[in-house]
file coords_18.cif (mmCIF, C-alpha atoms)
data_final
loop_
_atom_site.label_atom_id
_atom_site.label_comp_id
_atom_site.auth_asym_id
_atom_site.auth_seq_id
_atom_site.Cartn_x
_atom_site.Cartn_y
_atom_site.Cartn_z
CA MET A 8 16.15 -0.50 18.58
CA ILE A 9 17.96 -0.17 15.26
CA TYR A 10 14.48 -0.27 13.72
CA TYR A 11 13.50 2.95 15.50
CA ILE A 12 16.63 4.71 14.26
CA GLY A 13 16.10 3.44 10.70
CA ALA A 14 12.47 4.55 10.67
CA PHE A 15 13.32 8.02 12.00
CA LEU A 16 16.13 8.36 9.44
CA LEU A 17 13.65 7.48 6.67
CA ILE A 18 11.27 10.16 7.92
CA ALA A 19 14.11 12.71 8.04
CA ILE A 20 15.22 11.88 4.48
CA GLY A 21 11.66 12.11 3.19
CA LEU A 22 11.20 15.47 4.88
CA TYR A 23 14.43 16.66 3.30
CA ALA A 24 13.10 15.66 -0.13
CA ILE A 25 9.81 17.46 0.46
CA ILE A 26 11.31 20.70 1.74
CA ILE A 27 14.53 21.12 -0.26
CA LYS A 28 13.86 19.41 -3.60
CA LYS A 29 12.12 21.26 -6.39
CA ASN A 30 11.08 18.43 -8.66
CA LEU A 31 7.49 17.23 -8.20
CA ILE A 32 8.33 13.54 -8.60
CA LYS A 33 11.08 13.88 -5.99
CA ILE A 34 8.49 15.37 -3.67
CA LEU A 35 6.24 12.36 -4.30
CA ILE A 36 9.16 10.05 -3.50
CA GLY A 37 9.67 11.97 -0.27
CA LEU A 38 6.02 11.50 0.69
CA ASP A 39 6.34 7.79 0.03
CA LEU A 40 9.51 7.59 2.15
CA ILE A 41 7.73 9.28 5.04
CA ALA A 42 4.81 6.84 4.74
CA SER A 43 7.15 3.84 4.69
CA GLY A 44 9.10 5.11 7.68
CA THR A 45 5.93 5.65 9.67
CA ASN A 46 4.71 2.15 8.87
CA LEU A 47 8.05 0.67 9.95
CA LEU A 48 7.92 2.68 13.18
CA ILE A 49 4.38 1.57 14.05
CA VAL A 50 5.10 -2.10 13.38
CA SER A 51 8.32 -2.01 15.40
CA ILE A 52 6.41 -0.62 18.41
CA GLY A 53 4.39 -3.85 18.50
CA TYR A 54 7.41 -6.17 18.41
CA VAL A 55 8.08 -8.34 21.44
CA LYS A 56 11.51 -9.88 21.78
CA GLY A 57 11.39 -13.55 20.84
CA GLY A 58 7.73 -13.37 19.85
CA THR A 59 6.03 -15.20 17.01
CA ALA A 60 3.59 -13.95 14.40
CA PRO A 61 0.03 -13.57 15.77
CA ILE A 62 -1.43 -16.65 14.06
CA PHE A 63 -2.76 -19.69 15.91
CA SER A 64 -1.47 -22.12 13.33
CA LYS A 65 -0.57 -24.91 15.75
CA GLY A 66 -1.87 -25.90 19.15
CA ASN A 67 1.39 -25.31 20.96
CA ILE A 68 1.62 -21.62 20.03
CA LEU A 69 0.15 -19.70 22.91
CA ALA A 70 -1.12 -16.14 23.05
CA LYS A 71 1.61 -15.27 25.55
CA MET A 72 4.47 -15.50 23.03
CA MET A 73 2.90 -13.52 20.23
CA VAL A 74 3.69 -10.01 19.10
CA ASP A 75 1.09 -7.27 19.31
CA PRO A 76 -1.52 -7.59 16.50
CA VAL A 77 -3.01 -4.08 16.72
CA PRO A 78 -0.15 -2.10 15.05
CA GLN A 79 0.00 -4.69 12.29
CA ALA A 80 -3.71 -4.33 11.55
CA LEU A 81 -3.41 -0.54 11.50
CA THR A 82 -0.40 -0.66 9.19
CA LEU A 83 -2.17 -3.05 6.82
CA THR A 84 -4.88 -0.51 6.09
CA ALA A 85 -2.40 2.38 6.06
CA ILE A 86 -0.36 0.79 3.25
CA VAL A 87 -3.39 0.38 0.99
CA ILE A 88 -4.61 3.92 1.65
CA GLY A 89 -1.09 5.25 1.02
CA ALA A 90 -0.91 3.56 -2.37
CA SER A 91 -4.28 4.92 -3.49
CA GLU A 92 -3.45 8.44 -2.31
CA LEU A 93 -0.17 8.22 -4.18
CA ALA A 94 -2.07 7.33 -7.36
CA LEU A 95 -4.24 10.42 -6.88
CA ALA A 96 -1.19 12.62 -6.29
CA ALA A 97 0.45 11.16 -9.39
CA ALA A 98 -2.60 12.10 -11.45
CA PHE A 99 -2.31 15.65 -10.13
CA VAL A 100 1.38 15.72 -11.12
CA VAL A 101 0.52 14.64 -14.67
CA ILE A 102 -2.13 17.34 -14.92
CA LEU A 103 0.26 20.00 -13.61
CA TYR A 104 2.80 18.92 -16.21
CA ARG A 105 0.22 19.17 -18.98
CA HIS A 106 -0.79 22.62 -17.80
CA TYR A 107 2.59 24.21 -17.11
CA GLY A 108 4.96 22.08 -19.19
CA THR A 109 7.41 21.64 -16.34
CA LEU A 110 7.93 19.69 -13.15
CA ASP A 111 9.87 22.44 -11.39
CA ILE A 112 7.86 23.96 -8.59
CA LYS A 113 9.83 27.20 -8.90
CA LYS A 114 8.20 27.71 -12.28
CA ILE A 115 4.74 26.73 -11.16
CA ARG A 116 4.02 30.09 -9.68
CA SER A 117 1.46 29.43 -7.04
CA LEU A 118 3.70 26.89 -5.29
CA LYS A 119 6.71 29.19 -4.89
CA TRP A 120 7.78 30.23 -1.41
CA MET B 13 19.66 -12.45 12.54
CA ILE B 14 20.43 -9.18 14.28
CA TYR B 15 23.37 -8.48 11.96
CA ALA B 16 21.13 -9.15 8.97
CA SER B 17 18.72 -6.48 10.18
CA TRP B 18 21.60 -4.03 10.72
CA LEU B 19 22.87 -4.63 7.18
CA LEU B 20 19.38 -4.30 5.69
CA ILE B 21 18.70 -1.04 7.52
CA ILE B 22 22.01 0.47 6.41
CA ALA B 23 21.28 -0.59 2.81
CA MET B 24 17.78 0.89 3.12
CA ILE B 25 19.10 4.27 4.29
CA VAL B 26 21.71 4.36 1.51
CA LEU B 27 19.07 3.51 -1.10
CA ALA B 28 16.72 6.16 0.28
CA ILE B 29 19.44 8.83 0.02
CA LEU B 30 20.26 7.65 -3.51
CA SER B 31 16.60 7.75 -4.51
CA ILE B 32 16.31 11.43 -3.72
CA GLU B 33 19.73 12.33 -5.12
CA PHE B 34 19.63 10.59 -8.52
CA LYS B 35 19.17 12.98 -11.42
CA ASP B 36 17.67 10.26 -13.60
CA LEU B 37 14.11 9.88 -12.32
CA ILE B 38 13.73 6.26 -13.47
CA ALA B 39 16.79 5.31 -11.41
CA ALA B 40 15.35 7.22 -8.45
CA VAL B 41 12.05 5.33 -8.74
CA VAL B 42 13.82 1.97 -8.92
CA ALA B 43 15.78 2.85 -5.78
CA MET B 44 12.49 3.72 -4.09
CA GLY B 45 11.12 0.28 -5.04
CA ALA B 46 14.21 -1.33 -3.53
CA VAL B 47 13.57 0.60 -0.31
CA SER B 48 10.01 -0.81 -0.24
CA LEU B 49 11.30 -4.33 -0.80
CA ILE B 50 13.83 -4.03 2.05
CA ILE B 51 11.10 -2.65 4.31
CA SER B 52 8.97 -5.69 3.53
CA LEU B 53 11.89 -7.94 4.57
CA LEU B 54 12.17 -5.95 7.82
CA PHE B 55 8.45 -6.49 8.45
CA LEU B 56 9.11 -10.21 8.11
CA PHE B 57 11.89 -9.94 10.72
CA LEU B 58 9.47 -8.08 12.99
CA GLN B 59 7.07 -11.07 12.81
CA ALA B 60 4.46 -9.29 10.71
CA PRO B 61 3.90 -11.53 7.64
CA ASP B 62 0.58 -9.91 6.71
CA VAL B 63 2.11 -6.46 6.50
CA ALA B 64 5.14 -7.85 4.67
CA MET B 65 2.93 -9.30 1.95
CA ALA B 66 0.96 -6.09 1.61
CA GLU B 67 4.13 -4.00 1.37
CA ALA B 68 5.74 -6.34 -1.16
CA SER B 69 2.73 -6.48 -3.46
CA ILE B 70 1.51 -2.88 -3.15
CA GLY B 71 4.56 -0.83 -2.20
CA ALA B 72 7.10 -2.57 -4.38
CA ALA B 73 4.98 -3.53 -7.40
CA LEU B 74 1.93 -1.31 -7.94
CA THR B 75 3.42 1.91 -6.57
CA MET B 76 6.56 1.52 -8.66
CA ALA B 77 4.45 0.88 -11.76
CA ILE B 78 2.46 4.06 -11.12
CA TYR B 79 5.68 6.07 -10.65
CA ILE B 80 7.19 4.69 -13.87
CA ILE B 81 4.03 5.53 -15.84
CA VAL B 82 4.11 9.07 -14.45
CA VAL B 83 7.80 9.52 -15.30
CA ARG B 84 7.10 8.25 -18.81
CA LYS B 85 4.30 10.74 -19.26
CA THR B 86 6.29 13.71 -17.99
CA GLU B 87 10.05 14.11 -18.30
CA ARG B 88 12.85 11.79 -17.33
CA ARG B 89 15.62 14.14 -16.22
CA GLU B 90 15.59 16.36 -13.20
CA LYS B 91 17.13 19.66 -14.21
CA MET C 21 17.74 29.73 2.77
CA ILE C 22 14.35 29.74 4.46
CA ARG C 23 13.91 26.16 3.30
CA LYS C 24 17.11 25.09 5.06
CA ILE C 25 16.04 26.82 8.28
CA THR C 26 12.64 25.13 8.10
CA TYR C 27 14.28 21.77 7.56
CA GLY C 28 16.59 22.38 10.49
CA ILE C 29 13.61 23.08 12.74
CA PHE C 30 11.88 19.91 11.59
CA LEU C 31 15.07 17.88 12.05
CA GLY C 32 15.27 19.08 15.63
CA ILE C 33 11.66 18.00 16.20
CA ILE C 34 12.44 14.58 14.72
CA VAL C 35 15.50 14.02 16.93
CA LEU C 36 13.58 15.16 20.01
CA SER C 37 10.71 12.79 19.23
CA LEU C 38 13.19 9.94 18.71
CA ILE C 39 14.54 10.47 22.22
CA LEU C 40 11.01 10.69 23.63
CA PHE C 41 10.12 7.51 21.75
CA PHE C 42 12.95 5.57 23.34
CA ALA C 43 11.71 6.66 26.73
CA ALA C 44 8.03 5.95 26.09
CA PHE C 45 8.16 2.72 24.08
CA PRO C 46 11.28 0.63 24.82
CA PHE C 47 11.94 -1.68 21.90
CA GLY C 48 10.69 -5.25 22.21
CA LYS C 49 9.35 -5.01 25.76
CA ASN C 50 5.69 -4.85 26.61
CA LYS C 51 2.44 -5.15 24.69
CA MET C 52 -0.41 -2.71 24.77
CA ALA C 53 -3.34 -3.72 26.95
CA VAL C 54 -5.75 -3.81 24.04
CA GLY C 55 -3.41 -6.14 22.17
CA LYS C 56 -3.33 -8.51 25.13
CA TYR C 57 -7.13 -8.47 25.28
CA TYR C 58 -7.45 -9.28 21.57
CA LEU C 59 -4.95 -12.11 21.80
CA LYS C 60 -6.66 -13.62 24.82
CA ASN C 61 -10.24 -13.46 23.54
CA ASP C 62 -9.68 -14.00 19.81
CA ILE C 63 -10.50 -17.74 19.64
CA ASN C 64 -13.67 -17.48 21.70
CA GLN C 65 -15.04 -14.29 20.18
CA THR C 66 -14.19 -14.57 16.47
CA GLY C 67 -12.75 -18.03 15.81
CA ALA C 68 -10.19 -16.79 13.29
CA ALA C 69 -6.70 -18.28 13.52
CA ASN C 70 -5.07 -15.12 12.18
CA VAL C 71 -5.43 -12.46 14.86
CA VAL C 72 -4.54 -9.64 12.45
CA THR C 73 -7.55 -10.62 10.33
CA ALA C 74 -9.74 -10.70 13.42
CA VAL C 75 -8.62 -7.21 14.46
CA THR C 76 -8.97 -5.82 10.94
CA LEU C 77 -12.39 -7.22 10.15
CA ASP C 78 -14.12 -7.93 13.41
CA TYR C 79 -12.91 -5.64 16.20
CA ARG C 80 -12.21 -2.76 13.81
CA GLY C 81 -14.52 -3.70 10.94
CA PHE C 82 -16.11 -0.28 10.73
CA ASP C 83 -12.64 1.19 10.26
CA THR C 84 -12.03 -1.16 7.33
CA LEU C 85 -15.33 -0.14 5.72
CA GLY C 86 -14.20 3.48 5.87
CA GLU C 87 -10.83 2.51 4.45
CA VAL C 88 -12.44 0.78 1.47
CA THR C 89 -14.50 3.92 0.96
CA VAL C 90 -11.32 6.04 0.88
CA LEU C 91 -9.90 3.66 -1.73
CA PHE C 92 -13.06 4.07 -3.82
CA ALA C 93 -12.85 7.86 -3.55
CA ALA C 94 -9.20 7.86 -4.68
CA ALA C 95 -9.94 5.61 -7.67
CA THR C 96 -12.86 7.83 -8.66
CA GLY C 97 -10.66 10.90 -8.33
CA VAL C 98 -8.05 9.45 -10.68
CA ALA C 99 -10.75 8.56 -13.20
CA ILE C 100 -12.28 12.06 -13.02
CA LEU C 101 -8.93 13.83 -13.42
CA PHE C 102 -8.04 11.84 -16.52
CA TYR C 103 -11.53 12.10 -17.97
CA VAL C 104 -11.23 15.88 -18.17
CA LEU C 105 -7.94 15.54 -20.00
CA GLU C 106 -9.52 13.24 -22.53
CA GLU C 107 -11.37 16.17 -24.10
CA ASP C 108 -8.39 17.98 -25.56
CA LYS C 109 -6.85 15.42 -27.86
CA LYS C 110 -3.17 15.49 -27.00
CA LYS C 111 -0.38 14.06 -29.04
CA ARG C 112 -0.67 10.35 -29.65
CA GLU C 113 2.33 8.55 -28.28
CA ARG C 114 4.23 6.03 -30.32
CA GLN C 115 2.91 2.53 -29.75
CA VAL C 116 5.62 0.04 -28.87
CA TYR C 117 4.61 -3.58 -29.04
CA PRO C 118 6.57 -6.02 -26.87
CA ASN C 119 8.07 -9.11 -28.39
CA PHE C 120 6.63 -12.60 -28.79
CA VAL C 121 7.99 -14.05 -25.54
CA VAL C 122 6.39 -11.35 -23.38
CA ARG C 123 3.00 -11.63 -25.07
CA VAL C 124 2.72 -15.43 -24.93
CA GLY C 125 4.38 -15.70 -21.51
CA SER C 126 2.00 -13.22 -19.95
CA ARG C 127 -0.96 -15.20 -21.32
CA ILE C 128 0.39 -18.36 -19.70
CA ILE C 129 1.22 -16.70 -16.37
CA PHE C 130 -1.95 -14.61 -15.93
CA PRO C 131 -4.29 -17.48 -14.80
CA PHE C 132 -1.74 -18.56 -12.23
CA ILE C 133 -1.55 -15.03 -10.85
CA LEU C 134 -5.34 -15.02 -10.55
CA LEU C 135 -5.22 -18.40 -8.80
CA PHE C 136 -2.52 -17.24 -6.38
CA GLY C 137 -4.39 -14.05 -5.53
CA SER C 138 -7.64 -15.89 -4.91
CA TYR C 139 -5.85 -18.46 -2.76
CA ILE C 140 -4.44 -15.65 -0.66
CA PHE C 141 -7.74 -13.91 -0.04
CA ILE C 142 -9.77 -17.09 0.49
CA HIS C 143 -7.34 -18.27 3.19
CA GLY C 144 -7.05 -14.84 4.78
CA HIS C 145 -8.40 -15.95 8.16
CA LEU C 146 -6.02 -18.92 8.44
CA THR C 147 -2.67 -17.89 6.97
CA PRO C 148 -0.90 -14.57 6.46
CA GLY C 149 -2.60 -12.67 3.69
CA GLY C 150 -6.10 -11.52 3.00
CA GLY C 151 -8.22 -9.33 0.81
CA PHE C 152 -5.83 -6.41 0.48
CA GLN C 153 -2.83 -8.54 -0.46
CA GLY C 154 -4.69 -10.90 -2.78
CA GLY C 155 -6.54 -8.05 -4.47
CA SER C 156 -3.33 -6.16 -5.17
CA ILE C 157 -1.70 -9.33 -6.54
CA ILE C 158 -4.60 -9.73 -8.98
CA ALA C 159 -4.31 -6.07 -9.94
CA SER C 160 -0.61 -6.56 -10.69
CA GLY C 161 -1.67 -9.43 -12.96
CA PHE C 162 -3.83 -6.93 -14.87
CA LEU C 163 -0.80 -4.63 -14.99
CA LEU C 164 1.18 -7.44 -16.63
CA LEU C 165 -1.52 -7.80 -19.29
CA TYR C 166 -1.43 -4.06 -19.94
CA LEU C 167 2.34 -4.18 -20.39
CA ALA C 168 2.10 -7.11 -22.78
CA TYR C 169 -0.80 -5.78 -24.86
CA PRO C 170 -0.68 -1.98 -25.02
CA GLY C 171 -3.83 -0.59 -26.59
CA GLU C 172 -6.17 -3.25 -25.24
CA ARG C 173 -8.43 -2.28 -22.36
CA VAL C 174 -10.44 -4.07 -19.73
CA ASN C 175 -14.20 -3.63 -19.69
CA ARG C 176 -14.77 -0.81 -17.20
CA SER C 177 -18.48 -1.38 -16.77
CA LYS C 178 -17.91 -4.99 -15.71
CA LEU C 179 -15.23 -3.81 -13.28
CA SER C 180 -17.73 -1.36 -11.81
CA VAL C 181 -20.33 -4.14 -11.44
CA VAL C 182 -17.83 -6.37 -9.57
CA GLU C 183 -16.83 -3.45 -7.37
CA GLY C 184 -20.42 -2.56 -6.57
CA ILE C 185 -21.40 -6.12 -5.72
CA ALA C 186 -18.39 -6.45 -3.42
CA GLY C 187 -19.18 -3.19 -1.64
CA ILE C 188 -22.85 -4.08 -1.24
CA THR C 189 -21.88 -7.47 0.19
CA PHE C 190 -19.68 -5.84 2.83
CA ALA C 191 -22.21 -3.20 3.86
CA GLY C 192 -25.16 -5.59 3.57
CA LEU C 193 -23.59 -8.17 5.87
CA GLY C 194 -22.92 -5.45 8.40
CA LEU C 195 -26.47 -4.14 8.23
CA TRP C 196 -27.91 -7.67 8.41
CA GLY C 197 -26.01 -8.24 11.62
CA LEU C 198 -27.15 -4.88 12.93
CA PHE C 199 -30.88 -5.22 12.29
CA THR C 200 -31.71 -8.89 12.63
CA GLN C 201 -29.21 -10.74 14.79
CA GLY C 202 -27.35 -8.69 17.32
CA ASN C 203 -27.33 -5.03 18.09
CA SER C 204 -23.99 -4.03 16.60
CA PHE C 205 -22.77 -3.30 13.10
CA LEU C 206 -20.89 -6.25 11.53
CA PHE C 207 -22.17 -8.65 14.20
CA ASN C 208 -20.67 -12.10 13.54
CA PHE C 209 -23.87 -14.10 13.15
CA LEU C 210 -22.64 -17.24 11.37
CA PRO C 211 -21.32 -20.18 13.45
CA LYS C 212 -17.69 -19.92 14.49
CA GLY C 213 -16.74 -23.44 13.45
CA GLN C 214 -13.54 -25.21 14.38
CA LEU C 215 -10.25 -23.36 14.60
CA ASN C 216 -7.95 -23.68 11.56
CA MET C 217 -10.62 -25.09 9.25
CA ILE C 218 -11.56 -23.21 6.10
CA PHE C 219 -15.23 -22.87 7.11
CA SER C 220 -14.65 -21.08 10.36
CA ALA C 221 -14.74 -17.61 11.84
CA GLY C 222 -18.31 -16.83 10.71
CA ILE C 223 -18.63 -13.96 8.28
CA LEU C 224 -14.95 -12.99 8.22
CA PRO C 225 -13.98 -15.08 5.12
CA ILE C 226 -16.96 -13.74 3.17
CA ILE C 227 -16.03 -10.15 4.00
CA TYR C 228 -12.40 -10.75 3.09
CA ILE C 229 -13.39 -12.26 -0.28
CA ALA C 230 -15.57 -9.20 -0.94
CA ILE C 231 -12.66 -6.90 0.01
CA GLY C 232 -10.38 -8.88 -2.30
CA PHE C 233 -12.67 -8.37 -5.28
CA LYS C 234 -13.14 -4.72 -4.41
CA VAL C 235 -9.43 -3.93 -4.02
CA ALA C 236 -8.60 -5.86 -7.21
CA SER C 237 -11.16 -3.96 -9.28
CA GLU C 238 -10.21 -0.57 -7.79
CA PHE C 239 -6.50 -1.00 -8.45
CA ALA C 240 -7.16 -2.47 -11.90
CA GLY C 241 -9.24 0.63 -12.62
CA ILE C 242 -6.45 2.95 -11.43
CA VAL C 243 -3.87 1.07 -13.54
CA ASP C 244 -6.28 1.19 -16.50
CA ASP C 245 -6.70 4.96 -16.20
CA MET C 246 -2.97 5.57 -15.95
CA MET C 247 -1.81 3.12 -18.63
CA CYS C 248 -4.46 4.03 -21.13
CA GLU C 249 -3.79 7.69 -20.72
CA ALA C 250 -0.20 6.87 -21.53
CA VAL C 251 -0.52 4.73 -24.62
CA CYS C 252 -3.99 4.95 -26.17
CA SER C 253 -5.35 8.45 -26.09
CA GLY C 254 -8.87 9.05 -27.26
CA GLY C 255 -10.33 5.79 -26.02
CA GLU C 256 -13.86 5.59 -24.75
CA LYS C 257 -14.37 5.82 -21.05
#
call {"tool": "encode", "arguments": {"input": "coords_18.cif", "output": "structure tokens"}}
result
Amino acid sequence: MIYYIGAFLLIAIGLYAIIIKKNLIKILIGLDLIASGTNLLIVSIGYVKGGTAPIFSKGNILAKMMVDPVPQALTLTAIVIGASELALAAAFVVILYRHYGTLDIKKIRSLKW
Amino acid sequence: MIYASWLLIIAMIVLAILSIEFKDLIAAVVAMGAVSLIISLLFLFLQAPDVAMAEASIGAALTMAIYIIVVRKTERREK
Amino acid sequence: MIRKITYGIFLGIIVLSLILFFAAFPFGKNKMAVGKYYLKNDINQTGAANVVTAVTLDYRGFDTLGEVTVLFAAATGVAILFYVLEEDKKKRERQVYPNFVVRVGSRIIFPFILLFGSYIFIHGHLTPGGGFQGGSIIASGFLLLYLAYPGERVNRSKLSVVEGIAGITFAGLGLWGLFTQGNSFLFNFLPKGQLNMIFSAGILPIIYIAIGFKVASEFAGIVDDMMCEAVCSGGEK
């Protein structure tokens, strides 16, 4: 239950960074916080109280006492995709800095609102 | 166990707030890496060892390296 | 001001969805039906001890193929963006060489990192871990080498060959299962073997090894693009 609250707080903080902050790297950090919070939320949906990890490592571990494997499999791919997208976004930030000489989105004119 | 998860989540929220409030961008990025590390511990508490390994090796190592390279190539202070 | 109002609206949406979440998914209670089905039929249908591996590669294998494709597209995008910048010769940054301990220590540690990463993706169907984790561990080993020896580069054409062979292995196994054995993409045509042995679960270990090589070469390429743009401008792509 505390996991839900923590994940939603992470999403709220990341959204704050994206909307209020004006530095491009802070915006990237906000995107990463939102991704982490979403991953934590999805994994905590699959948790079963008192469950074990979904691995048949011994004969006496039955399928009945395992946690849900589907959210874990989804999150596994989401983490890798998130990292590669972040690398692409970081490349865009470097190019914007080369072009405009600043990281402030107020000064990069087409992003002002 | 349950108190450990409470403590970790409170530390995670504090680090997340610090990571968007630090003026020094390197410090902000290191705080972000600490958030990823704590999240990987929470995945371990949630009985997801696969996801915990992925988050620890990708989120806390490679992502932080990419951020630090970007900060080095641009500017370090947020004005 | 308009930013604060927008954030307030979004914060309201977040709090509302938190309340709805508590109502819809109570924490730690029931599993989804599809999760129960996978857990019940995993040993008979795939033979992998790690159910997360079975879901990632067997039940949702097509999804994973698309995910690897997204990773390839992102790595190519990073390479393209930095290739354009290579034309205008920017200022050369000051080269800082690390000290003796870092250089020699990284040489000693690097084979063990490779060994650890390969252990993780070879045993992906038995223990926690797999291609994504092992591949990223190997890529962080390459990152260590870049930090210890700035100015040196990996051979990009060999990385591309490794990446291509890994991708062809994944898609080729899927197509082989589709056309010759069963009538579905990524049909598991090898024998299932005994549970918890290393030669078990049919084609799943082969696919995870291919994914490990592919993820390792993609992330090493991304790190190479970023690092080399930072310290050694004007290198050959």
call {"tool": "resolve_selection", "arguments": {"input": "coords_18.cif", "expression": "the PyMOL selection byres ((chain B) within 8 of (chain A))", "output": "ChimeraX atom specification"}}
result
/B:18,21-22,25,28-29,31-32,37,41,44,48,51,55,58-63,66-67,70-71,74-75,78-79,82-83,85-87,90
call {"tool": "closest_residue", "arguments": {"input": "coords_18.cif", "among": "C:Gly48, C:Gly137, C:Gly55, C:Pro211", "to": "B:Ser69", "atoms": "all atoms listed in the file"}}
result
C:Gly137
call {"tool": "resolve_selection", "arguments": {"input": "coords_18.cif", "expression": "the PyMOL selection byres ((chain C and resi 152-168) around 7)", "output": "PyMOL selection string"}}
result
(chain B and resi 65-66+69-70+74) or (chain C and resi 118+122-123+126+130+133-134+137-138+140-141+149-151+169-170+231-233+235-236+239-240+243)
call {"tool": "closest_residue", "arguments": {"input": "coords_18.cif", "among": "B:Ala64, B:Val42, B:Leu27, B:Val47", "to": "chain C", "atoms": "all atoms listed in the file"}}
result
B:Ala64
call {"tool": "atom_distance", "arguments": {"input": "coords_18.cif", "atom1": "atom CA of B:Asp36", "atom2": "atom CA of B:Arg88"}}
result
6.3 Å
call {"tool": "resolve_selection", "arguments": {"input": "coords_18.cif", "expression": "the PyMOL selection byres ((chain C) within 6 of (chain A))", "output": "PyMOL selection string"}}
result
chain C and resi 47-49+51+55+59+69-72+76+94+98
call {"tool": "atom_distance", "arguments": {"input": "coords_18.cif", "atom1": "atom CA of C:Asn50", "atom2": "atom CA of C:Thr66"}}
result
24.3 Å
call {"tool": "closest_residue", "arguments": {"input": "coords_18.cif", "among": "C:Asn203, C:Val181, C:Thr73, C:Tyr79", "to": "chain B", "atoms": "only C-alpha atoms"}}
result
C:Thr73
call {"tool": "closest_residue", "arguments": {"input": "coords_18.cif", "among": "C:Leu146, C:Ala186, C:Ala53, C:Ala93", "to": "chain B", "atoms": "all atoms listed in the file"}}
result
C:Leu146
call {"tool": "closest_residue", "arguments": {"input": "coords_18.cif", "among": "C:His145, C:Phe190, C:Gly184, C:Leu36", "to": "chain B", "atoms": "all atoms listed in the file"}}
result
C:His145
call {"tool": "atom_distance", "arguments": {"input": "coords_18.cif", "atom1": "atom CA of C:Leu206", "atom2": "atom CA of A:Ile49"}}
result
26.6 Å
call {"tool": "closest_residue", "arguments": {"input": "coords_18.cif", "among": "C:Arg173, C:Trp196, C:Gly144, C:Val88", "to": "chain B", "atoms": "all atoms listed in the file"}}
result
C:Gly144
